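Structure data (compact mmCIF, C-alpha atoms) from target_8.txt:
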```txt
# COMPACT_ATOMS: atom_id res chain seq x y z
CA MET A 1 -20.79 -40.82 -37.25
CA VAL A 2 -18.10 -43.46 -37.45
CA SER A 3 -17.78 -45.84 -34.56
CA ASP A 4 -14.16 -46.86 -35.23
CA LYS A 5 -11.52 -44.24 -35.73
CA PRO A 6 -10.08 -44.46 -39.25
CA THR A 7 -6.32 -44.95 -39.35
CA THR A 8 -4.12 -41.98 -40.20
CA GLU A 9 -3.18 -43.79 -43.45
CA THR A 10 -6.83 -43.78 -44.42
CA VAL A 11 -7.06 -40.07 -43.58
CA TRP A 12 -3.97 -39.30 -45.70
CA GLY A 13 -5.72 -41.13 -48.55
CA TRP A 14 -8.79 -38.90 -48.18
CA LEU A 15 -6.69 -35.76 -48.01
CA ASN A 16 -4.92 -36.87 -51.18
CA GLN A 17 -8.26 -36.58 -52.97
CA ILE A 18 -8.74 -32.90 -52.11
CA PRO A 19 -7.66 -30.74 -55.05
CA ASP A 20 -5.70 -27.54 -54.58
CA PRO A 21 -8.32 -24.76 -54.95
CA GLU A 22 -6.30 -22.82 -57.53
CA ILE A 23 -4.46 -25.64 -59.34
CA PRO A 24 -7.02 -28.48 -59.23
CA VAL A 25 -4.77 -31.02 -61.00
CA ILE A 26 -2.71 -31.50 -57.85
CA SER A 27 -3.93 -32.59 -54.44
CA LEU A 28 -3.16 -30.91 -51.13
CA VAL A 29 -0.92 -33.86 -50.28
CA ASP A 30 0.95 -33.49 -53.61
CA LEU A 31 1.41 -29.79 -52.84
CA GLY A 32 3.15 -30.70 -49.59
CA VAL A 33 1.11 -28.39 -47.37
CA ILE A 34 -0.18 -31.13 -45.07
CA ARG A 35 2.60 -31.77 -42.59
CA ASP A 36 1.05 -34.10 -40.05
CA VAL A 37 -2.07 -36.12 -39.29
CA HIS A 38 -2.63 -37.72 -35.92
CA TRP A 39 -5.28 -38.57 -33.36
CA SER A 40 -5.27 -36.72 -30.08
CA GLY A 41 -7.81 -38.71 -28.08
CA ASP A 42 -10.97 -38.63 -30.20
CA THR A 43 -9.90 -35.45 -32.02
CA LEU A 44 -8.20 -35.62 -35.40
CA GLU A 45 -5.38 -33.09 -35.65
CA VAL A 46 -4.23 -32.00 -39.09
CA THR A 47 -1.20 -29.72 -39.37
CA VAL A 48 -1.12 -27.44 -42.40
CA THR A 49 1.60 -25.07 -43.59
CA PRO A 50 0.90 -22.08 -45.88
CA THR A 51 2.64 -21.87 -49.26
CA TYR A 52 2.95 -18.08 -49.30
CA SER A 53 2.09 -16.02 -46.25
CA GLY A 54 -0.54 -13.97 -48.08
CA CYS A 55 -1.93 -16.67 -50.35
CA PRO A 56 -5.74 -16.33 -50.31
CA ALA A 57 -6.06 -20.06 -51.05
CA THR A 58 -4.80 -20.91 -47.54
CA ARG A 59 -8.17 -20.16 -45.99
CA VAL A 60 -10.01 -22.14 -48.66
CA ILE A 61 -7.63 -25.07 -48.15
CA ASN A 62 -8.52 -25.18 -44.45
CA ILE A 63 -12.24 -25.09 -45.22
CA ASP A 64 -11.84 -27.84 -47.84
CA ILE A 65 -9.99 -30.09 -45.39
CA GLU A 66 -12.59 -29.61 -42.73
CA THR A 67 -15.46 -30.22 -45.17
CA ALA A 68 -13.87 -33.37 -46.60
CA LEU A 69 -13.25 -34.85 -43.14
CA ARG A 70 -16.77 -34.02 -41.93
CA ASP A 71 -18.19 -35.67 -45.06
CA ARG A 72 -16.33 -38.82 -43.99
CA GLY A 73 -18.01 -38.71 -40.61
CA ILE A 74 -15.26 -37.14 -38.51
CA ASP A 75 -16.74 -34.41 -36.36
CA LYS A 76 -13.90 -33.58 -33.98
CA ILE A 77 -11.23 -31.88 -36.06
CA ARG A 78 -8.46 -29.52 -35.04
CA LEU A 79 -6.49 -27.71 -37.75
CA ARG A 80 -3.08 -26.44 -36.76
CA THR A 81 -0.91 -24.00 -38.70
CA ARG A 82 2.81 -24.64 -38.75
CA LEU A 83 5.15 -21.96 -40.11
CA SER A 84 8.52 -23.59 -39.47
CA PRO A 85 10.07 -25.32 -41.35
CA ALA A 86 8.74 -23.02 -44.05
CA TRP A 87 7.06 -24.62 -47.05
CA THR A 88 9.38 -25.40 -49.93
CA THR A 89 8.71 -26.64 -53.47
CA ASP A 90 10.96 -29.60 -52.56
CA TRP A 91 7.85 -30.96 -50.85
CA LEU A 92 5.91 -31.23 -54.13
CA SER A 93 5.38 -34.92 -54.87
CA GLU A 94 6.59 -36.56 -58.09
CA THR A 95 2.95 -37.12 -59.04
CA GLY A 96 2.31 -33.45 -58.38
CA ARG A 97 5.20 -32.37 -60.61
CA ARG A 98 4.03 -34.65 -63.44
CA ASN A 99 0.44 -33.44 -63.19
CA LEU A 100 1.55 -29.79 -63.27
CA GLU A 101 3.53 -30.41 -66.45
CA THR A 102 0.66 -32.24 -68.16
CA TYR A 103 -1.65 -29.36 -67.18
CA GLY A 104 0.69 -26.84 -68.83
CA ILE A 105 2.49 -25.49 -65.75
CA ALA A 106 6.26 -26.01 -65.77
CA PRO A 107 7.31 -27.59 -62.44
CA PRO A 108 9.93 -25.86 -60.24
CA GLN A 109 13.62 -26.41 -60.98
CA LYS A 110 16.63 -25.74 -58.77
CA ALA A 111 18.18 -23.78 -61.63
CA GLY A 112 15.52 -21.10 -61.06
CA GLY A 113 13.67 -21.42 -64.37
CA PRO A 114 11.68 -24.04 -66.30
CA ALA A 115 13.60 -26.90 -67.94
CA HIS A 116 11.50 -26.62 -71.10
CA CYS A 117 8.19 -25.42 -72.49
CA PRO A 118 5.39 -27.61 -71.04
CA GLN A 119 3.53 -27.36 -74.37
CA CYS A 120 6.15 -28.21 -77.03
CA GLN A 121 9.14 -29.27 -74.85
CA ALA A 122 11.46 -26.72 -76.53
CA ARG A 123 14.27 -25.42 -74.31
CA ASP A 124 14.39 -21.88 -75.69
CA VAL A 125 12.27 -20.12 -73.05
CA GLU A 126 12.30 -16.61 -71.54
CA ARG A 127 10.85 -15.01 -68.45
CA ILE A 128 8.12 -12.42 -68.91
CA SER A 129 7.46 -11.66 -65.24
CA GLN A 130 8.67 -12.91 -61.87
CA PHE A 131 5.04 -13.12 -60.77
CA GLY A 132 1.99 -14.74 -62.32
CA SER A 133 -1.68 -15.46 -61.75
CA THR A 134 -1.09 -16.88 -58.23
CA PRO A 135 1.67 -16.16 -55.66
CA CYS A 136 3.33 -19.52 -56.42
CA LYS A 137 3.81 -18.93 -60.14
CA ALA A 138 5.83 -16.80 -62.56
CA LEU A 139 5.06 -16.03 -66.21
CA TRP A 140 7.32 -17.40 -68.97
CA ARG A 141 7.15 -17.70 -72.74
CA CYS A 142 8.41 -20.27 -75.22
CA ARG A 143 10.43 -18.77 -78.07
CA THR A 144 9.83 -21.79 -80.27
CA CYS A 145 6.04 -22.22 -80.14
CA LEU A 146 5.60 -18.61 -78.89
CA GLU A 147 3.05 -19.66 -76.27
CA PRO A 148 3.16 -18.09 -72.81
CA PHE A 149 3.03 -20.50 -69.87
CA ASP A 150 3.07 -20.56 -66.07
CA TYR A 151 6.15 -21.67 -64.17
CA PHE A 152 5.82 -22.92 -60.58
CA LYS A 153 8.40 -20.81 -58.68
CA CYS A 154 11.14 -22.73 -56.89
CA ILE A 155 11.39 -21.67 -53.24
CA MET B 1 5.59 1.43 -20.14
CA THR B 2 4.34 -0.66 -23.06
CA ASP B 3 5.84 -4.16 -23.32
CA PRO B 4 8.96 -3.75 -25.53
CA LEU B 5 8.14 -7.02 -27.33
CA PHE B 6 4.73 -5.62 -28.31
CA GLU B 7 6.39 -2.43 -29.59
CA PHE B 8 8.95 -4.44 -31.52
CA LEU B 9 6.28 -6.64 -33.15
CA CYS B 10 4.18 -3.59 -34.07
CA ARG B 11 7.21 -2.09 -35.81
CA LEU B 12 7.61 -5.21 -37.92
CA GLY B 13 3.91 -5.57 -38.66
CA ASP B 14 3.35 -1.88 -39.35
CA ASN B 15 6.23 -1.77 -41.84
CA THR B 16 4.76 -4.58 -43.93
CA LEU B 17 1.20 -3.31 -43.45
CA VAL B 18 1.85 0.25 -44.59
CA LEU B 19 4.15 -0.78 -47.44
CA GLY B 20 1.73 -3.54 -48.47
CA HIS B 21 -1.10 -1.02 -48.63
CA ARG B 22 1.01 1.48 -50.57
CA VAL B 23 2.06 -1.13 -53.12
CA SER B 24 -1.55 -2.32 -53.48
CA GLU B 25 -2.50 1.21 -54.59
CA TRP B 26 -0.96 0.25 -57.96
CA CYS B 27 -3.49 -2.53 -58.50
CA GLY B 28 -5.15 -1.90 -61.87
CA VAL B 29 -3.10 1.19 -62.76
CA ALA B 30 0.50 -0.08 -63.15
CA PRO B 31 2.37 0.76 -66.38
CA VAL B 32 2.01 -2.76 -67.86
CA LEU B 33 -0.04 -5.80 -66.92
CA GLU B 34 2.95 -7.91 -65.82
CA GLU B 35 4.11 -5.21 -63.41
CA ASP B 36 0.57 -4.74 -62.15
CA ILE B 37 0.42 -8.44 -61.27
CA ALA B 38 3.89 -8.38 -59.74
CA LEU B 39 3.05 -5.38 -57.54
CA ALA B 40 -0.23 -6.94 -56.41
CA ASN B 41 1.60 -10.18 -55.53
CA THR B 42 4.25 -8.26 -53.60
CA ALA B 43 1.53 -6.43 -51.69
CA LEU B 44 -0.16 -9.75 -50.94
CA ASP B 45 3.03 -11.22 -49.46
CA LEU B 46 3.51 -8.12 -47.30
CA ILE B 47 -0.08 -8.20 -46.03
CA GLY B 48 0.31 -11.92 -45.26
CA GLN B 49 3.44 -11.18 -43.23
CA THR B 50 1.54 -8.38 -41.47
CA THR B 51 -1.15 -10.81 -40.37
CA MET B 52 1.46 -13.04 -38.73
CA TRP B 53 3.34 -10.19 -37.00
CA LEU B 54 0.26 -8.33 -35.76
CA ASN B 55 -1.54 -11.46 -34.60
CA LEU B 56 1.52 -12.28 -32.53
CA ALA B 57 1.64 -8.67 -31.27
CA GLY B 58 -1.98 -8.98 -30.16
CA GLU B 59 -1.25 -12.30 -28.45
CA VAL B 60 1.72 -10.78 -26.59
CA GLU B 61 -0.34 -7.75 -25.56
CA GLY B 62 -3.07 -10.01 -24.21
CA ALA B 63 -5.81 -7.38 -24.49
CA GLY B 64 -7.93 -9.32 -26.97
CA ARG B 65 -6.76 -7.43 -30.06
CA ASP B 66 -5.94 -9.40 -33.22
CA ALA B 67 -4.22 -8.29 -36.43
CA ASP B 68 -7.42 -6.71 -37.79
CA ALA B 69 -8.02 -4.70 -34.62
CA LEU B 70 -4.43 -3.45 -34.64
CA ALA B 71 -4.48 -2.61 -38.35
CA PHE B 72 -7.86 -0.93 -38.53
CA ARG B 73 -8.52 0.53 -35.07
CA ARG B 74 -5.34 2.44 -34.29
CA ASP B 75 -4.62 6.01 -35.31
CA VAL B 76 -1.49 7.62 -36.76
CA TRP B 77 0.32 8.11 -33.46
CA ASP B 78 0.05 4.40 -32.63
CA PHE B 79 1.76 3.28 -35.84
CA ARG B 80 5.41 2.24 -35.58
CA ASN B 81 6.41 1.89 -39.22
CA LEU B 82 9.47 3.46 -40.80
CA LEU B 83 8.89 6.80 -42.50
CA LEU B 84 10.24 5.26 -45.72
CA VAL B 85 7.29 2.92 -46.24
CA GLU B 86 4.61 5.60 -45.87
CA GLN B 87 6.14 7.80 -48.57
CA PRO B 88 3.81 8.19 -51.58
CA ASN B 89 4.21 5.92 -54.60
CA GLY B 90 5.25 8.74 -56.95
CA ASP B 91 5.97 7.25 -60.36
CA PHE B 92 6.72 3.58 -60.95
CA GLY B 93 10.45 4.25 -60.55
CA GLN B 94 9.99 5.84 -57.14
CA THR B 95 7.83 2.91 -56.02
CA MET B 96 10.51 0.43 -57.10
CA MET B 97 13.32 2.44 -55.52
CA ARG B 98 11.41 2.50 -52.20
CA GLN B 99 10.87 -1.25 -52.53
CA PHE B 100 14.55 -1.85 -53.25
CA LEU B 101 15.75 0.17 -50.24
CA PHE B 102 13.22 -1.54 -47.97
CA ASP B 103 13.90 -5.06 -49.30
CA ALA B 104 17.67 -4.64 -48.90
CA TRP B 105 17.15 -3.84 -45.21
CA HIS B 106 14.31 -6.32 -44.73
CA VAL B 107 16.31 -9.33 -45.97
CA LEU B 108 19.17 -8.52 -43.60
CA TYR B 109 16.89 -7.98 -40.63
CA LEU B 110 14.85 -11.14 -41.24
CA THR B 111 18.04 -13.17 -41.67
CA GLU B 112 19.02 -12.15 -38.13
CA LEU B 113 15.50 -12.67 -36.78
CA GLU B 114 15.58 -16.24 -38.05
CA LYS B 115 18.02 -16.86 -35.18
CA SER B 116 15.74 -15.20 -32.61
CA SER B 117 15.54 -16.70 -29.12
CA ASP B 118 11.75 -16.37 -29.46
CA ALA B 119 10.65 -19.35 -31.58
CA ARG B 120 7.50 -17.54 -32.76
CA VAL B 121 9.55 -14.61 -34.09
CA ALA B 122 12.05 -16.99 -35.72
CA ALA B 123 9.26 -18.93 -37.47
CA ILE B 124 7.62 -15.81 -38.95
CA ALA B 125 11.03 -14.50 -40.02
CA GLU B 126 11.85 -17.81 -41.71
CA LYS B 127 8.56 -17.74 -43.62
CA SER B 128 8.89 -14.05 -44.60
CA LEU B 129 12.53 -14.28 -45.64
CA LYS B 130 11.83 -16.46 -48.67
CA GLU B 131 9.37 -13.88 -49.94
CA ALA B 132 11.59 -10.91 -49.08
CA ARG B 133 14.52 -12.42 -51.01
CA TYR B 134 12.33 -12.83 -54.07
CA HIS B 135 11.18 -9.20 -53.75
CA LEU B 136 14.77 -8.00 -53.45
CA ASP B 137 15.78 -9.90 -56.62
CA ARG B 138 13.02 -8.27 -58.59
CA ALA B 139 13.52 -4.77 -57.13
CA SER B 140 17.29 -4.93 -57.81
CA GLU B 141 16.75 -5.95 -61.44
CA THR B 142 14.18 -3.22 -61.95
CA VAL B 143 16.37 -0.53 -60.38
CA ILE B 144 19.27 -1.59 -62.63
CA GLY B 145 17.06 -1.83 -65.72
CA LEU B 146 15.55 1.62 -65.24
CA GLY B 147 18.69 3.31 -63.89
CA ASP B 148 20.84 2.01 -66.73
CA GLY B 149 18.03 2.60 -69.21
CA THR B 150 17.10 5.71 -71.15
CA GLU B 151 18.05 9.27 -70.27
CA GLU B 152 14.50 9.79 -69.01
CA SER B 153 14.35 6.62 -66.87
CA ASN B 154 17.82 7.30 -65.45
CA ALA B 155 16.83 10.86 -64.44
CA ARG B 156 13.67 9.59 -62.77
CA MET B 157 15.51 6.88 -60.83
CA GLN B 158 18.13 9.36 -59.65
CA ALA B 159 15.35 11.73 -58.55
CA ALA B 160 13.69 8.85 -56.69
CA LEU B 161 16.95 7.93 -54.96
CA ASP B 162 17.58 11.56 -53.95
CA ARG B 163 14.00 11.87 -52.70
CA LEU B 164 14.07 8.66 -50.62
CA TRP B 165 17.64 8.54 -49.34
CA PRO B 166 16.90 10.74 -46.29
CA TYR B 167 14.56 7.95 -45.10
CA VAL B 168 17.25 5.25 -45.15
CA GLY B 169 19.00 6.23 -41.92
CA GLU B 170 15.97 5.53 -39.72
CA MET B 171 16.19 1.81 -40.55
CA PHE B 172 19.44 1.61 -38.60
CA ASP B 173 18.39 3.59 -35.51
CA SER B 174 18.17 1.86 -32.18
CA ASP B 175 16.50 2.80 -28.93
CA ALA B 176 15.48 1.27 -25.60
CA VAL B 177 13.08 -1.17 -27.31
CA ASP B 178 15.87 -2.50 -29.53
CA MET B 179 18.29 -2.76 -26.62
CA ASP B 180 15.72 -4.78 -24.70
CA MET B 181 15.34 -7.13 -27.68
CA VAL B 182 19.12 -7.44 -27.98
CA ALA B 183 19.43 -8.26 -24.27
CA LYS B 184 16.84 -11.03 -24.62
CA GLY B 185 18.37 -12.41 -27.82
CA ILE B 186 15.14 -11.71 -29.70
CA ALA B 187 16.45 -9.28 -32.32
CA PRO B 188 19.71 -7.66 -33.44
CA ASP B 189 20.73 -4.04 -32.92
CA PRO B 190 19.59 -2.47 -36.23
CA GLY B 191 22.76 -0.35 -36.28
CA THR B 192 24.86 -3.45 -36.90
CA LEU B 193 23.07 -4.06 -40.21
CA ARG B 194 24.36 -0.93 -41.95
CA PRO B 195 27.54 -2.43 -43.45
CA GLY B 196 25.52 -5.31 -44.91
CA PHE B 197 23.00 -2.85 -46.33
CA ASP B 198 25.73 -0.82 -48.00
CA ALA B 199 27.22 -4.02 -49.41
CA THR B 200 23.84 -4.91 -50.97
CA VAL B 201 22.88 -1.45 -52.19
CA ASN B 202 26.15 0.02 -53.51
CA PRO B 203 26.83 -2.53 -56.29
CA VAL B 204 23.22 -2.30 -57.52
CA LEU B 205 23.37 1.51 -57.64
CA ARG B 206 26.67 1.29 -59.52
CA LYS B 207 25.23 -1.12 -62.10
CA ALA B 208 22.22 1.18 -62.36
CA THR B 209 24.62 4.11 -63.06
CA LEU B 210 23.03 6.02 -60.18
CA THR B 211 24.87 8.27 -57.76
CA ARG B 212 24.43 7.58 -54.07
CA PRO B 213 23.64 10.89 -52.30
CA GLU B 214 26.55 12.28 -50.30
CA SER B 215 24.60 13.28 -47.22
CA ASP B 216 23.36 10.56 -44.88
CA PHE B 217 21.00 13.01 -43.14
CA ALA B 218 18.00 11.04 -41.88
CA HIS B 219 14.41 11.96 -41.06
CA ARG B 220 13.24 10.17 -37.92
CA GLY B 221 10.08 9.60 -35.94
CA GLY B 222 8.25 6.73 -37.66
CA ARG B 223 9.45 3.72 -35.71
CA SER B 224 9.04 5.56 -32.40
CA GLY B 225 5.71 7.04 -33.49
CA ALA B 226 6.91 10.49 -32.36
CA ARG B 227 6.41 12.15 -35.74
CA HIS B 228 5.02 10.51 -38.84
CA SER B 229 4.92 12.35 -42.14
CA GLU B 230 1.56 13.78 -43.20
CA HIS B 231 1.22 10.95 -45.74
CA LEU B 232 0.38 8.25 -43.20
CA GLY B 233 -2.86 9.92 -42.09
CA HIS B 234 -4.08 10.13 -45.68
CA LEU B 235 -3.20 6.48 -46.22
CA LEU B 236 -5.14 5.43 -43.12
CA THR B 237 -8.28 7.29 -44.23
CA GLN B 238 -8.35 4.95 -47.24
CA MET B 239 -7.20 1.78 -45.51
CA GLN B 240 -9.39 2.07 -42.42
CA TRP B 241 -12.45 3.64 -43.99
CA LEU B 242 -14.71 0.59 -43.97
CA GLN B 243 -13.97 -0.47 -40.40
CA ARG B 244 -14.38 3.13 -39.21
CA ALA B 245 -17.67 3.65 -41.02
CA TYR B 246 -19.11 0.23 -40.21
CA PRO B 247 -17.36 -1.11 -37.09
CA ASP B 248 -17.38 -4.91 -36.88
CA ALA B 249 -18.79 -5.20 -40.40
CA THR B 250 -18.65 -8.75 -41.71
CA TRP B 251 -19.78 -10.50 -44.86
```
Translate this structure into structure tokens?
Amino acid sequence: MVSDKPTTETVWGWLNQIPDPEIPVISLVDLGVIRDVHWSGDTLEVTVTPTYSGCPATRVINIDIETALRDRGIDKIRLRTRLSPAWTTDWLSETGRRNLETYGIAPPQKAGGPAHCPQCQARDVERISQFGSTPCKALWRCRTCLEPFDYFKCI
Amino acid sequence: MTDPLFEFLCRLGDNTLVLGHRVSEWCGVAPVLEEDIALANTALDLIGQTTMWLNLAGEVEGAGRDADALAFRRDVWDFRNLLLVEQPNGDFGQTMMRQFLFDAWHVLYLTELEKSSDARVAAIAEKSLKEARYHLDRASETVIGLGDGTEESNARMQAALDRLWPYVGEMFDSDAVDMDMVAKGIAPDPGTLRPGFDATVNPVLRKATLTRPESDFAHRGGRSGARHSEHLGHLLTQMQWLQRAYPDATW
């Protein structure tokens, strides 16, 4: 139990340490799925938005948030789901985009395809499939180093 | 009489549920791995949308039913999906043609629903629309690629179009439920979407070198529940088997 309520800034800091269950190099805050944190009396309310409506990670994300907050001594937690405004890759943080790239996943681009191969930086890339290993990714290939790679879809 | 809003929400949720299940039947048996993954992802989006629509339907009904209860504990005559989405997968071409025809309509309908006077409907539509647009892009490209492909793929796509075209008309039917939604500003009259549908579909069919069937004869009875095709019952025996055999099973 904590006697003093932690500030929402502190809570945001904790949430920023929770990795995305499917792409562990970015945090839930980097992913942009946490939309609001505030105290309602002695209950901490966290508002979460799903990336894709059928993404199986959504449920795990909620469990991870609850577990992390309980581990910090918060026992009254209310998780809210917010659908509108719908999640967009514009909400990915700069840190998140950099970490994706370093990990080998090309970050989303307005142009609709990766800027370059995340492995060798070559610009000669082609799409293999509009979908990939998770709902948020598509499968691309580099024509220079010939390696396939994931591209984080821009929505 | 059943609450028209409940009926309307079941129509939306049953469309994505039945199509999502159909598309998921390809999981593990699609022609190539990339298409297998794409089909499974499409199915996942549709099932996710179903959860939102049917949970809201259950909330509106107020009888304690959630999305699972509505999906797994109703029988054929309670389903309100379009006849188009319950049609069998056929070959890969037929599956993609069905997806294309559905997506073309779905994007238009969701675009209108985004402006719904019911904020809950508008929010689900906004979320679903991004996914539906992505599906339509892929389905259009595939229809063009296969239609304007080999002699064999062209013949199969034309056969698929001829087979499925009689199920297009039902998407633009309207009845008392629709008129009630129109009056409340919740949803558009589906009939008004036909010109937009033609404007989406015709250029794709042209690029695919496919011939749009001359007759606009339409089979009806899915969205009203009056007469489903025999295929829906077979689909439900698969989809509902576990909940029927072991009610309230959890793990």
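In this structure, the chain A residues at most 7 Å away from chain B are Tyr52, Ser53, Gly54, Leu83, Ser84, Ala86, Ser129, Gln130, Phe131, Gly132, Pro135 and Ile155 of chain A, with only C-alpha atoms considered.
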Neighbourhood query: residues within 7 Å of (20.0, -11.4, -33.4), file coordinates, counting only C-alpha atoms; return as a PyMOL selection string. chain B and resi 112-113+115-116+182+185-188
What's around segment 88-101 of chain A at 6 Å? Count all atoms listed in the file, leave out sequence neighbours fewer than 5 positions away in its own chain, and write the answer as a list in words.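 My reading of the contact set: Ile26, Asp30, Leu31, Gly32, Ala106, Pro107, Pro118, Cys154 and Ile155 of chain A.
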Would you compute the box with edges along x, y and z of the file around segment 54-59 of chain A, including every atom the file lists for it and 5 Å extra on each side, and give its centre and edge lengths in Å to one decimal, as lines of an AutoDock Vina configuration file?
```
center_x = -4.4
center_y = -17.4
center_z = -48.5
size_x = 17.6
size_y = 16.9
size_z = 15.1
```
From A:Arg78, A:Arg59, A:His116, A:Arg127, residue lying nearest Arg141 of chain A [all atoms listed in the file]: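 Under the stated criterion, the closest residue is A:Arg127.
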Find the spatial neighbours of Pro6 of chain A, counting all atoms listed in the file, within a cut-off of 10 Å - ignore same-chain residues fewer than 2 positions away - and output them as number ranges by chain. A: 2-4, 8-11, 39, 44, 72-74
Write a file of the just-selected residues containing C-alpha atoms, as a compact mmCIF listing (two decimals), in the coordinates of the input.
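And here is the file that came out, part_18.txt:
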```txt
# COMPACT_ATOMS: atom_id res chain seq x y z
CA VAL A 2 -18.10 -43.46 -37.45
CA SER A 3 -17.78 -45.84 -34.56
CA ASP A 4 -14.16 -46.86 -35.23
CA THR A 8 -4.12 -41.98 -40.20
CA GLU A 9 -3.18 -43.79 -43.45
CA THR A 10 -6.83 -43.78 -44.42
CA VAL A 11 -7.06 -40.07 -43.58
CA TRP A 39 -5.28 -38.57 -33.36
CA LEU A 44 -8.20 -35.62 -35.40
CA ARG A 72 -16.33 -38.82 -43.99
CA GLY A 73 -18.01 -38.71 -40.61
CA ILE A 74 -15.26 -37.14 -38.51
```
Please identify all polymer residues within 10 Å of Gln121 of chain A, counting only C-alpha atoms, omitting same-chain residues fewer than 6 positions from it, and present them as a ChimeraX atom specification. /A:115,142,144-145
Neighbour residues at most 12 Å from (-10.9, -27.6, -45.2) (all atoms listed in the file) as a ChimeraX atom specification: /A:14-15,18-21,28,34,46-48,57-71,77-80
Å distance separating atom CA of Leu139 of chain A from atom CA of Val18 of chain B, one decimal place: 27.3 Å
Using all atoms listed in the file: which of B:Arg223, B:Pro203, B:Gly90, B:Leu108 has the shortest distance to Asp175 of chain B: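 Checking each candidate against Asp175 of chain B, we get B:Arg223 as the closest.
Residues in contact with Ala132 of chain B at 7 Å, where only C-alpha atoms are counted and same-chain residues fewer than 5 positions away are skipped, are listed as B:Asp103, B:His106, B:Val107.
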In Å, how far is it from atom CA of Ala183 of chain B to atom CA of Arg65 of chain B?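 Atom-to-atom, atom CA of Ala183 of chain B and atom CA of Arg65 of chain B are spaced 26.8 Å apart.
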Straight-line distance linking atom CA of Val121 of chain B with atom CA of Trp53 of chain B, stated in Å to one decimal: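 Between atom CA of Val121 of chain B and atom CA of Trp53 of chain B the gap works out to 8.2 Å.
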